[in-house]
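J.: Please find final32.cif (mmCIF, C-alpha atoms and all ligand atoms) on the next line:
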```
data_structure
#
loop_
_atom_site.label_atom_id
_atom_site.label_comp_id
_atom_site.auth_asym_id
_atom_site.auth_seq_id
_atom_site.Cartn_x
_atom_site.Cartn_y
_atom_site.Cartn_z
CA MET A 460 19.28 -18.26 25.96
CA ASN A 461 16.73 -20.78 24.75
CA ALA A 462 18.45 -23.74 23.12
CA HIS A 463 16.08 -23.56 20.17
CA THR A 464 16.91 -19.94 19.42
CA PRO A 465 19.37 -19.70 16.54
CA THR A 466 21.91 -17.02 17.24
CA THR A 467 23.18 -15.73 13.93
CA ALA A 468 21.59 -14.22 10.87
CA ASP A 469 23.12 -17.02 8.81
CA SER A 470 21.40 -19.77 10.72
CA LEU A 471 18.07 -17.92 10.72
CA ILE A 472 18.32 -17.47 6.97
CA ALA A 473 19.25 -21.13 6.52
CA THR A 474 16.21 -22.21 8.54
CA GLU A 475 13.93 -19.93 6.53
CA GLN A 476 15.33 -21.39 3.35
CA GLU A 477 14.84 -24.93 4.57
CA LEU A 478 11.38 -24.68 6.09
CA GLY A 479 9.68 -21.75 4.40
CA ALA A 480 8.06 -21.57 1.00
CA HIS A 481 10.38 -19.54 -1.23
CA ASN A 482 7.77 -17.03 -2.34
CA TYR A 483 10.00 -14.05 -1.45
CA LYS A 484 13.59 -13.18 -2.20
CA PRO A 485 14.41 -10.78 0.64
CA ILE A 486 17.53 -8.74 1.06
CA ASP A 487 19.47 -10.83 3.58
CA VAL A 488 19.21 -8.53 6.55
CA VAL A 489 17.58 -10.10 9.61
CA LEU A 490 15.83 -7.39 11.59
CA THR A 491 15.19 -7.62 15.25
CA LYS A 492 14.21 -4.15 16.45
CA GLY A 493 12.62 -0.97 15.11
CA GLU A 494 12.00 2.56 16.30
CA GLY A 495 10.71 5.42 14.18
CA VAL A 496 12.56 5.44 10.85
CA TRP A 497 15.26 3.07 12.14
CA VAL A 498 15.58 -0.71 12.27
CA TRP A 499 18.38 -2.87 13.71
CA ASP A 500 19.61 -6.27 12.57
CA THR A 501 20.76 -9.24 14.63
CA ASP A 502 24.33 -7.88 14.70
CA GLY A 503 23.12 -4.56 16.09
CA THR A 504 23.69 -2.68 12.82
CA LYS A 505 21.28 0.22 12.38
CA TYR A 506 19.48 1.00 9.11
CA LEU A 507 17.21 3.72 7.81
CA ASP A 508 14.05 1.99 6.62
CA CYS A 509 13.17 3.33 3.16
CA LEU A 510 10.41 0.81 2.50
CA SER A 511 8.20 1.03 5.61
CA ALA A 512 6.87 -2.49 4.98
CA TYR A 513 5.41 -1.32 1.66
CA SER A 514 3.89 1.70 3.46
CA ALA A 515 2.33 -0.23 6.32
CA VAL A 516 4.61 1.50 8.82
CA ASN A 517 3.87 5.10 7.81
CA GLN A 518 3.70 6.10 11.48
CA GLY A 519 7.22 4.77 12.14
CA HIS A 520 8.24 1.51 13.76
CA CYS A 521 6.70 0.62 17.11
CA HIS A 522 4.98 3.96 17.56
CA PRO A 523 4.57 4.27 21.35
CA ARG A 524 0.98 5.55 21.29
CA ILE A 525 -0.20 2.77 18.98
CA LEU A 526 1.70 0.25 21.08
CA GLU A 527 0.04 1.54 24.21
CA ALA A 528 -3.43 1.26 22.64
CA MET A 529 -2.64 -2.25 21.46
CA ILE A 530 -1.47 -3.45 24.86
CA ALA A 531 -4.40 -1.86 26.68
CA GLN A 532 -6.92 -3.43 24.32
CA ALA A 533 -5.16 -6.81 24.28
CA GLN A 534 -5.47 -6.94 28.04
CA ARG A 535 -9.21 -6.26 27.84
CA LEU A 536 -10.72 -8.01 24.81
CA THR A 537 -9.23 -9.20 21.53
CA LEU A 538 -11.86 -11.06 19.51
CA THR A 539 -15.58 -11.52 19.71
CA SER A 540 -16.33 -12.35 16.08
CA ARG A 541 -19.14 -10.40 14.50
CA ALA A 542 -21.64 -12.84 16.03
CA PHE A 543 -21.59 -10.37 18.92
CA ARG A 544 -20.85 -6.67 19.06
CA ASN A 545 -17.79 -5.03 20.61
CA ASP A 546 -17.29 -1.55 22.00
CA GLN A 547 -14.41 -0.59 19.66
CA LEU A 548 -16.14 -1.02 16.30
CA ALA A 549 -18.54 1.93 16.56
CA PRO A 550 -15.88 4.50 17.52
CA PHE A 551 -13.60 3.09 14.80
CA TYR A 552 -16.38 3.63 12.24
CA GLU A 553 -17.12 7.08 13.58
CA GLU A 554 -13.52 8.28 13.55
CA LEU A 555 -12.71 6.78 10.14
CA ALA A 556 -15.91 8.17 8.61
CA ALA A 557 -15.24 11.62 10.05
CA LEU A 558 -11.69 11.58 8.70
CA THR A 559 -12.50 10.33 5.20
CA GLY A 560 -16.05 11.55 4.65
CA SER A 561 -17.28 8.02 4.00
CA HIS A 562 -20.80 6.95 4.83
CA LYS A 563 -20.33 3.20 5.07
CA ILE A 564 -17.38 1.09 6.14
CA LEU A 565 -16.63 -2.61 5.81
CA PRO A 566 -13.77 -3.72 8.08
CA MET A 567 -11.49 -6.50 6.86
CA ASN A 568 -7.94 -7.66 7.57
CA SER A 569 -5.55 -7.79 4.62
CA GLY A 570 -5.50 -5.46 1.65
CA ALA A 571 -6.33 -8.25 -0.78
CA GLU A 572 -9.41 -9.04 1.28
CA ALA A 573 -10.55 -5.44 1.01
CA VAL A 574 -10.13 -5.65 -2.77
CA GLU A 575 -12.08 -8.92 -2.96
CA SER A 576 -14.78 -7.45 -0.74
CA ALA A 577 -15.13 -4.37 -2.93
CA ILE A 578 -15.42 -6.51 -6.04
CA LYS A 579 -18.18 -8.56 -4.42
CA ALA A 580 -20.08 -5.48 -3.25
CA VAL A 581 -19.74 -3.63 -6.56
CA ARG A 582 -20.90 -6.65 -8.57
CA LYS A 583 -23.91 -7.07 -6.28
CA TRP A 584 -24.63 -3.36 -6.60
CA GLY A 585 -24.42 -3.75 -10.37
CA TYR A 586 -27.10 -6.44 -10.40
CA GLU A 587 -29.38 -5.05 -7.72
CA VAL A 588 -29.14 -1.31 -8.26
CA ARG A 589 -27.91 -0.90 -11.84
CA GLY A 590 -29.97 -3.84 -13.13
CA VAL A 591 -27.19 -5.63 -15.01
CA ALA A 592 -28.23 -9.13 -16.20
CA GLU A 593 -27.13 -12.07 -14.05
CA ASN A 594 -23.42 -12.92 -14.24
CA GLN A 595 -22.75 -10.22 -16.84
CA ALA A 596 -21.12 -7.59 -14.63
CA GLU A 597 -17.76 -6.32 -15.85
CA ILE A 598 -15.05 -4.55 -13.92
CA ILE A 599 -12.31 -2.66 -15.72
CA VAL A 600 -8.79 -2.79 -14.27
CA CYS A 601 -5.40 -1.48 -15.44
CA SER A 602 -2.35 -3.19 -16.81
CA ASN A 603 0.56 -3.43 -14.36
CA ASN A 604 -1.94 -3.26 -11.51
CA PHE A 605 -1.16 -4.58 -8.07
CA HIS A 606 -4.16 -5.38 -5.91
CA GLY A 607 -2.92 -8.37 -3.90
CA ARG A 608 -2.36 -12.10 -4.24
CA THR A 609 -5.69 -13.95 -3.97
CA ILE A 610 -6.97 -16.06 -6.85
CA GLY A 611 -9.59 -13.44 -7.69
CA VAL A 612 -7.04 -10.64 -7.78
CA VAL A 613 -4.14 -12.35 -9.59
CA GLY A 614 -6.67 -13.43 -12.22
CA PHE A 615 -6.66 -9.86 -13.56
CA SER A 616 -2.97 -9.19 -12.97
CA THR A 617 -0.85 -8.61 -16.09
CA ASP A 618 2.35 -9.75 -14.38
CA PRO A 619 3.16 -13.26 -15.66
CA THR A 620 5.03 -14.10 -12.43
CA ALA A 621 1.94 -13.29 -10.38
CA ARG A 622 -0.52 -15.30 -12.48
CA SER A 623 1.23 -18.10 -14.41
CA ASN A 624 -0.12 -21.56 -13.55
CA PHE A 625 -2.57 -20.29 -10.95
CA GLY A 626 -5.60 -20.45 -13.25
CA PRO A 627 -8.41 -20.92 -14.04
CA PHE A 628 -9.45 -17.43 -13.06
CA ALA A 629 -12.74 -15.63 -12.51
CA PRO A 630 -14.19 -13.97 -15.61
CA GLY A 631 -15.64 -10.46 -15.72
CA PHE A 632 -12.50 -8.31 -15.79
CA LYS A 633 -11.20 -6.18 -18.63
CA VAL A 634 -7.68 -4.79 -18.66
CA VAL A 635 -6.82 -1.37 -20.12
CA PRO A 636 -3.49 0.52 -20.06
CA PHE A 637 -3.03 2.71 -16.98
CA GLY A 638 -3.34 6.40 -17.70
CA ASP A 639 -4.99 5.87 -21.11
CA LEU A 640 -8.35 7.60 -21.12
CA THR A 641 -9.27 6.58 -24.67
CA ALA A 642 -8.71 2.91 -23.87
CA PHE A 643 -10.78 3.21 -20.71
CA GLU A 644 -13.66 4.85 -22.53
CA ALA A 645 -13.54 2.24 -25.31
CA ALA A 646 -13.72 -0.59 -22.75
CA ILE A 647 -16.95 0.66 -21.20
CA THR A 648 -20.07 -1.40 -22.00
CA PRO A 649 -23.59 -1.31 -20.54
CA ASN A 650 -22.39 -4.12 -18.23
CA THR A 651 -19.46 -2.15 -16.77
CA VAL A 652 -20.14 -1.77 -13.06
CA GLY A 653 -16.75 -0.74 -11.73
CA PHE A 654 -13.30 0.63 -12.49
CA LEU A 655 -10.66 -0.62 -10.04
CA VAL A 656 -7.46 1.41 -10.15
CA GLU A 657 -4.55 2.65 -8.03
CA PRO A 658 -4.16 6.46 -7.94
CA ILE A 659 -0.41 5.90 -8.37
CA GLN A 660 0.80 2.44 -9.34
CA GLY A 661 3.20 1.55 -6.54
CA GLU A 662 4.38 -1.97 -7.25
CA ALA A 663 4.64 -1.12 -10.94
CA GLY A 664 7.33 1.39 -9.97
CA VAL A 665 5.58 4.52 -8.65
CA LEU A 666 3.85 5.38 -11.92
CA ILE A 667 1.95 8.66 -11.84
CA PRO A 668 -0.81 9.01 -14.46
CA PRO A 669 -0.96 12.00 -16.82
CA GLN A 670 -2.45 15.22 -15.52
CA GLY A 671 -6.20 15.26 -16.09
CA TYR A 672 -6.57 11.48 -16.38
CA PHE A 673 -8.41 10.96 -13.11
CA PRO A 674 -10.79 13.92 -13.39
CA ALA A 675 -11.78 12.61 -16.85
CA VAL A 676 -12.11 9.06 -15.50
CA ARG A 677 -14.30 10.39 -12.70
CA LYS A 678 -16.54 12.11 -15.22
CA LEU A 679 -16.86 9.01 -17.42
CA CYS A 680 -17.67 6.86 -14.39
CA THR A 681 -20.38 9.25 -13.27
CA GLU A 682 -21.88 9.53 -16.76
CA ASN A 683 -21.95 5.77 -17.23
CA GLY A 684 -23.03 4.69 -13.75
CA ILE A 685 -19.68 3.07 -13.05
CA THR A 686 -18.39 2.75 -9.50
CA LEU A 687 -14.90 4.23 -9.28
CA ILE A 688 -12.93 2.01 -6.89
CA LEU A 689 -9.62 3.55 -5.83
CA ASP A 690 -7.15 1.16 -4.28
CA GLU A 691 -5.40 3.46 -1.79
CA ILE A 692 -3.95 0.59 0.24
CA GLN A 693 -0.46 1.89 -0.54
CA THR A 694 -1.08 5.52 -1.56
CA GLY A 695 -3.50 6.29 1.27
CA LEU A 696 -3.04 7.48 4.83
CA GLY A 697 -0.47 10.16 4.19
CA ARG A 698 2.00 8.39 1.93
CA THR A 699 1.65 10.89 -0.94
CA GLY A 700 1.48 13.95 1.32
CA ARG A 701 -2.30 13.97 1.53
CA LEU A 702 -4.64 11.78 3.56
CA LEU A 703 -5.75 10.12 0.31
CA ALA A 704 -3.99 10.40 -3.04
CA GLU A 705 -7.34 11.14 -4.72
CA SER A 706 -7.20 14.66 -3.33
CA HIS A 707 -4.19 15.47 -5.57
CA GLU A 708 -6.56 14.82 -8.47
CA GLU A 709 -9.42 16.75 -6.90
CA ILE A 710 -11.76 13.80 -7.29
CA GLU A 711 -13.67 11.53 -4.94
CA ALA A 712 -13.90 7.80 -5.42
CA ASP A 713 -17.16 5.94 -4.88
CA VAL A 714 -15.30 3.17 -3.13
CA THR A 715 -11.90 3.60 -1.43
CA LEU A 716 -9.75 0.74 -0.21
CA ILE A 717 -7.32 1.26 2.64
CA GLY A 718 -5.13 -1.14 4.60
CA LYS A 719 -1.43 -1.29 5.43
CA ALA A 720 -0.85 1.89 7.51
CA LEU A 721 -4.38 1.66 8.90
CA SER A 722 -2.73 -0.22 11.76
CA GLY A 723 0.66 1.51 11.67
CA GLY A 724 2.15 -1.91 11.04
CA PHE A 725 0.96 -3.54 14.25
CA TYR A 726 -1.73 -5.81 12.89
CA PRO A 727 -3.51 -6.54 9.61
CA VAL A 728 -6.40 -4.08 9.33
CA SER A 729 -8.09 -3.03 6.09
CA ALA A 730 -11.35 -1.39 5.17
CA VAL A 731 -13.68 -0.73 2.27
CA LEU A 732 -15.06 2.81 2.41
CA SER A 733 -18.03 3.81 0.32
CA ASN A 734 -21.25 5.68 -0.02
CA THR A 735 -24.36 4.01 1.33
CA GLU A 736 -25.49 2.71 -2.04
CA VAL A 737 -22.67 0.26 -2.72
CA LEU A 738 -21.95 -1.27 0.70
CA GLY A 739 -25.68 -0.97 1.43
CA VAL A 740 -26.33 -4.01 -0.79
CA LEU A 741 -24.66 -6.39 1.68
CA GLN A 742 -27.18 -8.16 3.89
CA PRO A 743 -26.52 -10.42 6.89
CA GLY A 744 -24.69 -13.61 5.94
CA GLN A 745 -23.61 -12.41 2.49
CA HIS A 746 -20.08 -11.43 3.45
CA GLY A 747 -17.85 -11.59 6.50
CA SER A 748 -14.60 -12.39 8.22
CA THR A 749 -13.90 -13.90 11.65
CA PHE A 750 -11.29 -11.29 12.45
CA GLY A 751 -12.73 -8.35 10.47
CA GLY A 752 -13.72 -5.52 12.80
CA ASN A 753 -12.34 -7.21 15.90
CA PRO A 754 -11.81 -4.98 18.95
CA LEU A 755 -8.02 -5.30 18.95
CA ALA A 756 -7.84 -4.28 15.28
CA CYS A 757 -10.25 -1.39 15.85
CA ALA A 758 -8.36 -0.07 18.89
CA ILE A 759 -5.06 -0.25 17.01
CA ALA A 760 -6.49 1.42 13.91
CA ARG A 761 -8.04 4.20 15.98
CA ALA A 762 -4.66 4.96 17.53
CA ALA A 763 -2.88 4.65 14.17
CA LEU A 764 -5.23 7.20 12.57
CA LYS A 765 -5.00 9.49 15.56
CA VAL A 766 -1.21 9.75 15.57
CA LEU A 767 -1.13 10.16 11.79
CA VAL A 768 -3.28 13.27 12.08
CA GLU A 769 -2.33 14.67 15.49
CA GLU A 770 1.40 14.36 14.97
CA GLY A 771 1.34 16.11 11.61
CA MET A 772 2.65 13.11 9.66
CA ILE A 773 0.66 13.88 6.52
CA GLU A 774 2.05 17.43 6.31
CA ASN A 775 5.52 16.10 7.07
CA SER A 776 5.14 13.61 4.23
CA ALA A 777 4.38 16.44 1.80
CA GLU A 778 7.25 18.59 3.04
CA MET A 779 9.91 15.90 3.45
CA GLY A 780 8.79 14.20 0.22
CA ALA A 781 9.35 17.38 -1.77
CA TYR A 782 12.71 17.92 -0.09
CA PHE A 783 13.84 14.32 -0.57
CA MET A 784 12.91 14.45 -4.27
CA GLU A 785 14.71 17.74 -4.77
CA ARG A 786 17.86 16.39 -3.08
CA LEU A 787 17.75 13.12 -5.05
CA ARG A 788 17.44 15.11 -8.29
CA GLU A 789 20.65 16.94 -7.42
CA ILE A 790 22.64 13.71 -7.50
CA ARG A 791 24.92 13.73 -10.53
CA SER A 792 24.88 10.21 -11.87
CA ASN A 793 24.96 8.64 -15.29
CA LYS A 794 23.01 5.72 -13.85
CA VAL A 795 19.88 7.69 -12.98
CA HIS A 796 17.24 8.18 -15.65
CA GLU A 797 14.62 9.89 -13.52
CA VAL A 798 13.54 10.66 -9.97
CA ARG A 799 9.78 10.80 -9.53
CA GLY A 800 7.18 10.60 -6.83
CA ARG A 801 4.58 12.32 -4.75
CA GLY A 802 4.97 12.97 -1.05
CA LEU A 803 7.16 10.26 0.42
CA MET A 804 6.28 7.79 -2.33
CA LEU A 805 9.45 8.14 -4.37
CA ALA A 806 11.32 6.21 -7.01
CA VAL A 807 14.73 6.44 -8.62
CA GLU A 808 14.51 5.06 -12.15
CA LEU A 809 17.84 3.75 -13.40
CA HIS A 810 19.02 3.47 -16.97
CA PRO A 811 18.76 -0.11 -18.24
CA GLU A 812 22.57 -0.11 -18.65
CA ALA A 813 23.06 0.54 -14.91
CA GLY A 814 22.85 -3.20 -14.26
CA GLY A 815 19.58 -3.57 -12.38
CA ALA A 816 18.19 -1.92 -9.26
CA ARG A 817 18.77 -4.92 -7.01
CA ARG A 818 22.54 -4.47 -6.82
CA TYR A 819 22.11 -0.83 -5.80
CA CYS A 820 19.68 -1.87 -3.07
CA GLU A 821 22.29 -4.36 -1.84
CA ALA A 822 24.90 -1.58 -1.92
CA LEU A 823 22.55 0.78 -0.06
CA ARG A 824 22.08 -1.89 2.57
CA ARG A 825 25.85 -1.91 3.12
CA LYS A 826 25.59 1.87 3.60
CA GLY A 827 22.80 1.51 6.17
CA VAL A 828 19.78 2.22 3.98
CA LEU A 829 17.08 -0.37 3.31
CA ALA A 830 15.30 0.24 0.02
CA LYS A 831 13.60 -2.16 -2.34
CA ASP A 832 14.02 -2.65 -6.04
CA THR A 833 10.96 -3.12 -8.17
CA HIS A 834 10.66 -4.05 -11.84
CA GLU A 835 14.41 -4.42 -12.54
CA THR A 836 15.29 -0.76 -12.92
CA THR A 837 13.43 1.06 -10.15
CA ILE A 838 14.56 1.77 -6.60
CA ARG A 839 11.52 2.58 -4.55
CA ILE A 840 11.95 4.96 -1.60
CA ALA A 841 9.18 5.17 0.98
CA PRO A 842 10.46 5.92 4.49
CA PRO A 843 8.14 6.28 7.48
CA LEU A 844 6.34 9.63 7.38
CA VAL A 845 8.14 10.75 10.56
CA ILE A 846 11.45 11.23 8.75
CA ASN A 847 13.16 14.59 9.35
CA SER A 848 15.41 16.69 7.10
CA ASP A 849 18.67 15.55 8.78
CA GLN A 850 17.69 11.95 8.11
CA VAL A 851 16.80 12.81 4.51
CA ASP A 852 20.20 14.51 4.11
CA TRP A 853 21.96 11.46 5.50
CA ALA A 854 19.96 9.13 3.23
CA VAL A 855 20.77 11.25 0.17
CA GLU A 856 24.49 11.02 1.02
CA GLN A 857 24.19 7.24 0.93
CA PHE A 858 22.29 7.30 -2.36
CA GLU A 859 24.94 9.61 -3.75
CA ALA A 860 27.72 7.28 -2.66
CA VAL A 861 26.00 4.33 -4.31
CA LEU A 862 24.67 6.00 -7.46
CA GLY A 863 27.30 8.68 -8.02
CA GLY A 864 30.22 8.32 -10.37
CA VAL A 865 32.12 5.93 -8.09
CA GLU A 866 32.11 2.36 -9.34
CA ILE A 867 30.79 -0.20 -6.83
C1 LIG A 901 -0.19 -4.14 -0.60
C2 LIG A 901 -1.27 -3.83 -1.55
C3 LIG A 901 -2.41 -4.65 -1.67
C4 LIG A 901 -2.54 -5.95 -0.93
O1 LIG A 901 -2.49 -5.83 0.45
P1 LIG A 901 -2.15 -7.13 1.34
O2 LIG A 901 -2.35 -6.65 2.74
O3 LIG A 901 -0.74 -7.51 1.04
O4 LIG A 901 -3.12 -8.19 0.94
C5 LIG A 901 -3.40 -4.25 -2.53
N1 LIG A 901 -3.29 -3.12 -3.25
C6 LIG A 901 -2.21 -2.31 -3.17
C7 LIG A 901 -2.15 -1.07 -3.99
C8 LIG A 901 -1.15 -2.65 -2.34
O5 LIG A 901 -0.07 -1.88 -2.30
#
```
Translate this file's structure into C-alpha cells.
T.:
Amino acid sequence: MNAHTPTTADSLIATEQELGAHNYKPIDVVLTKGEGVWVWDTDGTKYLDCLSAYSAVNQGHCHPRILEAMIAQAQRLTLTSRAFRNDQLAPFYEELAALTGSHKILPMNSGAEAVESAIKAVRKWGYEVRGVAENQAEIIVCSNNFHGRTIGVVGFSTDPTARSNFGPFAPGFKVVPFGDLTAFEAAITPNTVGFLVEPIQGEAGVLIPPQGYFPAVRKLCTENGITLILDEIQTGLGRTGRLLAESHEEIEADVTLIGKALSGGFYPVSAVLSNTEVLGVLQPGQHGSTFGGNPLACAIARAALKVLVEEGMIENSAEMGAYFMERLREIRSNKVHEVRGRGLMLAVELHPEAGGARRYCEALRRKGVLAKDTHETTIRIAPPLVINSDQVDWAVEQFEAVLGGVEI
C-alpha cells in the first residue's frame, strides 16, 4: 500500500477537516465503492443509497454500460474545446432533442452553469426579441428556490446561509412565494422576460405546488411573453416517474435545464434545452465553456440517456416511488407529520418535536441506509431509479426501526 494512503475513515476525515474548506457537513461515512443502489464504506459496510448524489446517480452507481462508453471514449478523444468540432456532439444533440422534443441545446457542465446560461440567453432574448429597454429585464424566481451556488444564482436565493456576506448581487430578479399564482401575476411587469422555477422544490424539502398552479403559470407566461424556465436539474430524467416533471402538470416549458443524472454520475454534464427563439439569440463569442460539449461528456451523456430509457428506469421510478410512498405511509410513528413525493423523489416530514431530521439520518446510517436531512425536519429519500421492491421493503424496515415507537 502506498505510504501516503491513509487507511482508516478517521484519518481520511481528519485530513478533510484539516485541508478542505468546511463548506459541507457530511454524514461521516467514507465511501469507497458503489454498485446499483448500494455503496460500501472503507470498513466494507454496505449501505442502500437513498440520496443518489442529489439525483445525479439515477441510473445506479457505476452503471456498466455508461462505464463502458466512458472508457471507450476516454481512450479515443476527451477534449477538443469548441474551437474545433468533435464527432460526439451532433449525436448527443440529436438523441437529446429526440427524447425531449427540444429544438436547440446548449451543452454546459454543472447545473449552476446551465442556470446562469439560461439567464443570459433569456435576458438577451428579452432585449433583442421582446424589445425590453437596455438593462431593464426582470426575471421572477420563487422563495426557497435552489438553483446552484454561483454569485448570480445565490443573489436571488432566499436562504440566508446561501447568500449572507456574498454580496453585492446582480439586480433584475424578483422573488415570489412558490405555488402562489396571485403573487406571480402581481409581480409581472412589461419588463418581465422570464420565470425561473423548479417543478418540485427539492432542496426546500420536496415541496409540490398546488394542483393547477403550473398550468395557470404556463398560461400567464404565454399571455405576457414570458419565457418559462423550468429547472429540472433534480426533478428531470426520471426522478419523478416521468422523463421530465413538467409532464405531470401537462405543460411544456420554453426553456428546460437538466444536469445531474444527464451523466449518470460519471462526469459533470448539463444542458439548456429550448425552442429556437431563445437559444437562437446566442452568436459566436457571446457565451461558452472550455469543457461544455466535450466528446467525453457527450459520449457519457448519450449512454446515460440510453440506459435510462432502454432499461425502463423511468417506469420503475413511477412504480417503485408509488410503492415506497405507500409503505412509508404505513409506518405508525408519532414523529412523522407527513410522507410526500412524486416518483422516487420522496420526503418524510417530521414533527418539530421529533428533534430534527439529522439524528434520524445518523440512525438510518447505523441501520445501513444513507439518507439526507434537509431544512431541519425533512428526511429526503431519493434512491437510484433501479431500486426493486425487495430493496424498498428492506429500506422501509429500517425507516420503521428508526422512526417507529422505539426510542433511539
Ligand atoms: C443541484 C441543483 C442545481 C445545481 O447543480 P450543480 O451541478 O450543483 O451546480 C441547480 N438546480 C437544482 C434544482 C438542483 O437540484
J.: For Asp508 of chain A, list every protein, DNA or RNA residue within 12 Å, evaluated using only C-alpha atoms, and leave out those in the same chain fewer than 5 positions away; present the list as JSON, numbers by chain.
T.: {"A": [488, 490, 492, 493, 494, 495, 496, 497, 498, 499, 500, 513, 514, 515, 516, 517, 519, 520, 820, 823, 824, 826, 827, 828, 829, 830, 831, 839, 840, 841, 842, 843, 844, 845, 846, 850, 851, 854]}
J.: Just to confirm, what's the straight-line distance from atom P1 of ligand LIG 901 (chain A) to atom CA of Asn603 of chain A in Å (one decimal)?
T.: 16.4 Å
J.: May I ask which of the residues A:Leu558, A:Ala571, A:Ile486, A:Ala528 is the closest one to ligand LIG 901 (chain A), counting all atoms listed in the file?
T.: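 Checking each of A:Leu558, A:Ala571, A:Ile486, A:Ala528 against ligand LIG 901 (chain A), counting all atoms listed in the file, the winner is A:Ala571.
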J.: Check which residues of chain A sit at most 7 Å from ligand LIG 901 (chain A) using all atoms listed in the file, and return one row each with the closest pair of atoms and their distance in Å to one decimal, ordered by chain and rising number, as CSV.
T.:
```
residue,atom,partner,partner_atom,distance
A:Tyr513,CA,A:LIG901,C1,6.7
A:Ser569,CA,A:LIG901,O2,3.9
A:Gly570,CA,A:LIG901,O1,3.3
A:Ala571,CA,A:LIG901,O4,3.6
A:Glu572,CA,A:LIG901,O4,6.4
A:Val574,CA,A:LIG901,C5,6.9
A:Phe605,CA,A:LIG901,N1,5.5
A:His606,CA,A:LIG901,N1,3.6
A:Gly607,CA,A:LIG901,C4,3.8
A:Arg608,CA,A:LIG901,O4,6.5
A:Glu657,CA,A:LIG901,C7,6.0
A:Gly661,CA,A:LIG901,O5,6.4
A:Glu662,CA,A:LIG901,O5,6.7
A:Asp690,CA,A:LIG901,C7,5.5
A:Glu691,CA,A:LIG901,C7,6.0
A:Ile692,CA,A:LIG901,C6,4.8
A:Gln693,CA,A:LIG901,O5,4.2
A:Gly718,CA,A:LIG901,O2,6.4
A:Lys719,CA,A:LIG901,O2,6.1
A:Pro727,CA,A:LIG901,O2,7.0
```
J.: Counting only C-alpha atoms, what is within 9 Å of segment 668-671 of chain A, bar same-chain residues fewer than 3 positions away, as a list in words?
T.: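 What passes the distance filter is Phe637, Gly638, Asp639, Pro658, Ile659, Gln660, Pro674, Ala675, Val676 and Glu708 of chain A.
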J.: Calculate how many Å separate atom CA of Thr539 of chain A from atom CA of Thr609 of chain A, rounding to one decimal.
T.: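 For atom CA of Thr539 of chain A relative to atom CA of Thr609 of chain A, the distance reads 25.8 Å.
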J.: Do a neighbour search on Arg677 of chain A at 9 Å with all atoms listed in the file, toss out local chain neighbours closer than 5 positions, and write the hits as an MDAnalysis selection string.
T.: chainID A and resid 672 682 687 710:712
J.: Using all atoms listed in the file, which of the listed residues (A:Leu565, A:Ile578, A:Val588, A:Met772) sits closest to Gly653 of chain A?
T.: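 Closest to Gly653 of chain A of all the choices is A:Ile578.
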J.: What are the nearest atom pairs, with distances in Å to one decimal, for all residues of segment 652-720 of chain A that come at most 7 Å from segment 733-745 of chain A, using all atoms listed in the file, set out by chain and rising residue number as a tab-separated table?
T.:
```
residue	atom	partner	partner_atom	distance
A:Asp713	CA	A:Ser733	CA	5.7
A:Val714	CA	A:Ser733	CA	4.4
A:Thr715	CA	A:Ser733	CA	6.4
```
J.: Write a file of the selected residues as an mmCIF file, keeping the file's coordinate frame, keeping C-alpha atoms.
T.:
```cif
data_model
loop_
_atom_site.group_PDB
_atom_site.id
_atom_site.type_symbol
_atom_site.label_atom_id
_atom_site.label_comp_id
_atom_site.auth_asym_id
_atom_site.auth_seq_id
_atom_site.Cartn_x
_atom_site.Cartn_y
_atom_site.Cartn_z
ATOM 1 C CA ASP A 713 -17.160 5.940 -4.880
ATOM 2 C CA VAL A 714 -15.300 3.170 -3.130
ATOM 3 C CA THR A 715 -11.900 3.600 -1.430
#
```
J.: Using all atoms listed in the file, determine which residues lie at most 9 Å from Tyr586 of chain A, disregarding the query and same-chain residues fewer than 5 positions distant; provide the list as a list in words.
T.: Val581, Val591, Ala592, Glu593, Asn594, Gln595, Ala596 and Val652 of chain A
J.: If you keep C-alpha atoms, can you produce a file of those selected residues as a PDB file, keeping the file's coordinate frame?
T.:
```pdb
ATOM      1  CA  VAL A 581     -19.740  -3.630  -6.560  1.00  0.00           C
ATOM      2  CA  VAL A 591     -27.190  -5.630 -15.010  1.00  0.00           C
ATOM      3  CA  ALA A 592     -28.230  -9.130 -16.200  1.00  0.00           C
ATOM      4  CA  GLU A 593     -27.130 -12.070 -14.050  1.00  0.00           C
ATOM      5  CA  ASN A 594     -23.420 -12.920 -14.240  1.00  0.00           C
ATOM      6  CA  GLN A 595     -22.750 -10.220 -16.840  1.00  0.00           C
ATOM      7  CA  ALA A 596     -21.120  -7.590 -14.630  1.00  0.00           C
ATOM      8  CA  VAL A 652     -20.140  -1.770 -13.060  1.00  0.00           C
TER       9      VAL A 652
END
```
J.: Residues within 10 Å of Ser623 of chain A, please, as a PyMOL selection string. Count only C-alpha atoms; anything in the same chain fewer than 4 positions from it doesn't count.
T.: chain A and resi 613-614+616-619
J.: Work out how far atom CA of Val861 of chain A is from atom CA of Ile838 of chain A, in Å to one decimal.
T.: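 Those two atoms sit 11.9 Å apart.
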J.: Compare A:Asp832, A:Glu770, A:Glu785, A:Asp852 by their minimum atom-to-atom distance to Lys484 of chain A, counting only C-alpha atoms, and give me the closest one.
T.: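 Smallest separation from Lys484 of chain A among the options: A:Asp832.
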J.: Please determine the residues with any atom at most 7 Å from (-12.9, -6.2, 9.8) (coordinates as given in the file, with only C-alpha atoms counting) and report them as a short mmCIF file (atom, residue, chain, number, x, y, z; two decimals) with C-alpha atoms, in the frame of the given file.
T.:
```cif
data_model
loop_
_atom_site.label_atom_id
_atom_site.label_comp_id
_atom_site.auth_asym_id
_atom_site.auth_seq_id
_atom_site.Cartn_x
_atom_site.Cartn_y
_atom_site.Cartn_z
CA LEU A 565 -16.63 -2.61 5.81
CA PRO A 566 -13.77 -3.72 8.08
CA MET A 567 -11.49 -6.50 6.86
CA ASN A 568 -7.94 -7.66 7.57
CA VAL A 728 -6.40 -4.08 9.33
CA SER A 729 -8.09 -3.03 6.09
CA ALA A 730 -11.35 -1.39 5.17
CA SER A 748 -14.60 -12.39 8.22
CA PHE A 750 -11.29 -11.29 12.45
CA GLY A 751 -12.73 -8.35 10.47
CA GLY A 752 -13.72 -5.52 12.80
CA ASN A 753 -12.34 -7.21 15.90
#
```
J.: Rank A:Arg818, A:Lys505, A:Lys583, A:Arg524 by their smallest atom-to-atom distance to Val489 of chain A, using only C-alpha atoms, and report the top residue only.
T.: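 Closest candidate: A:Lys505.
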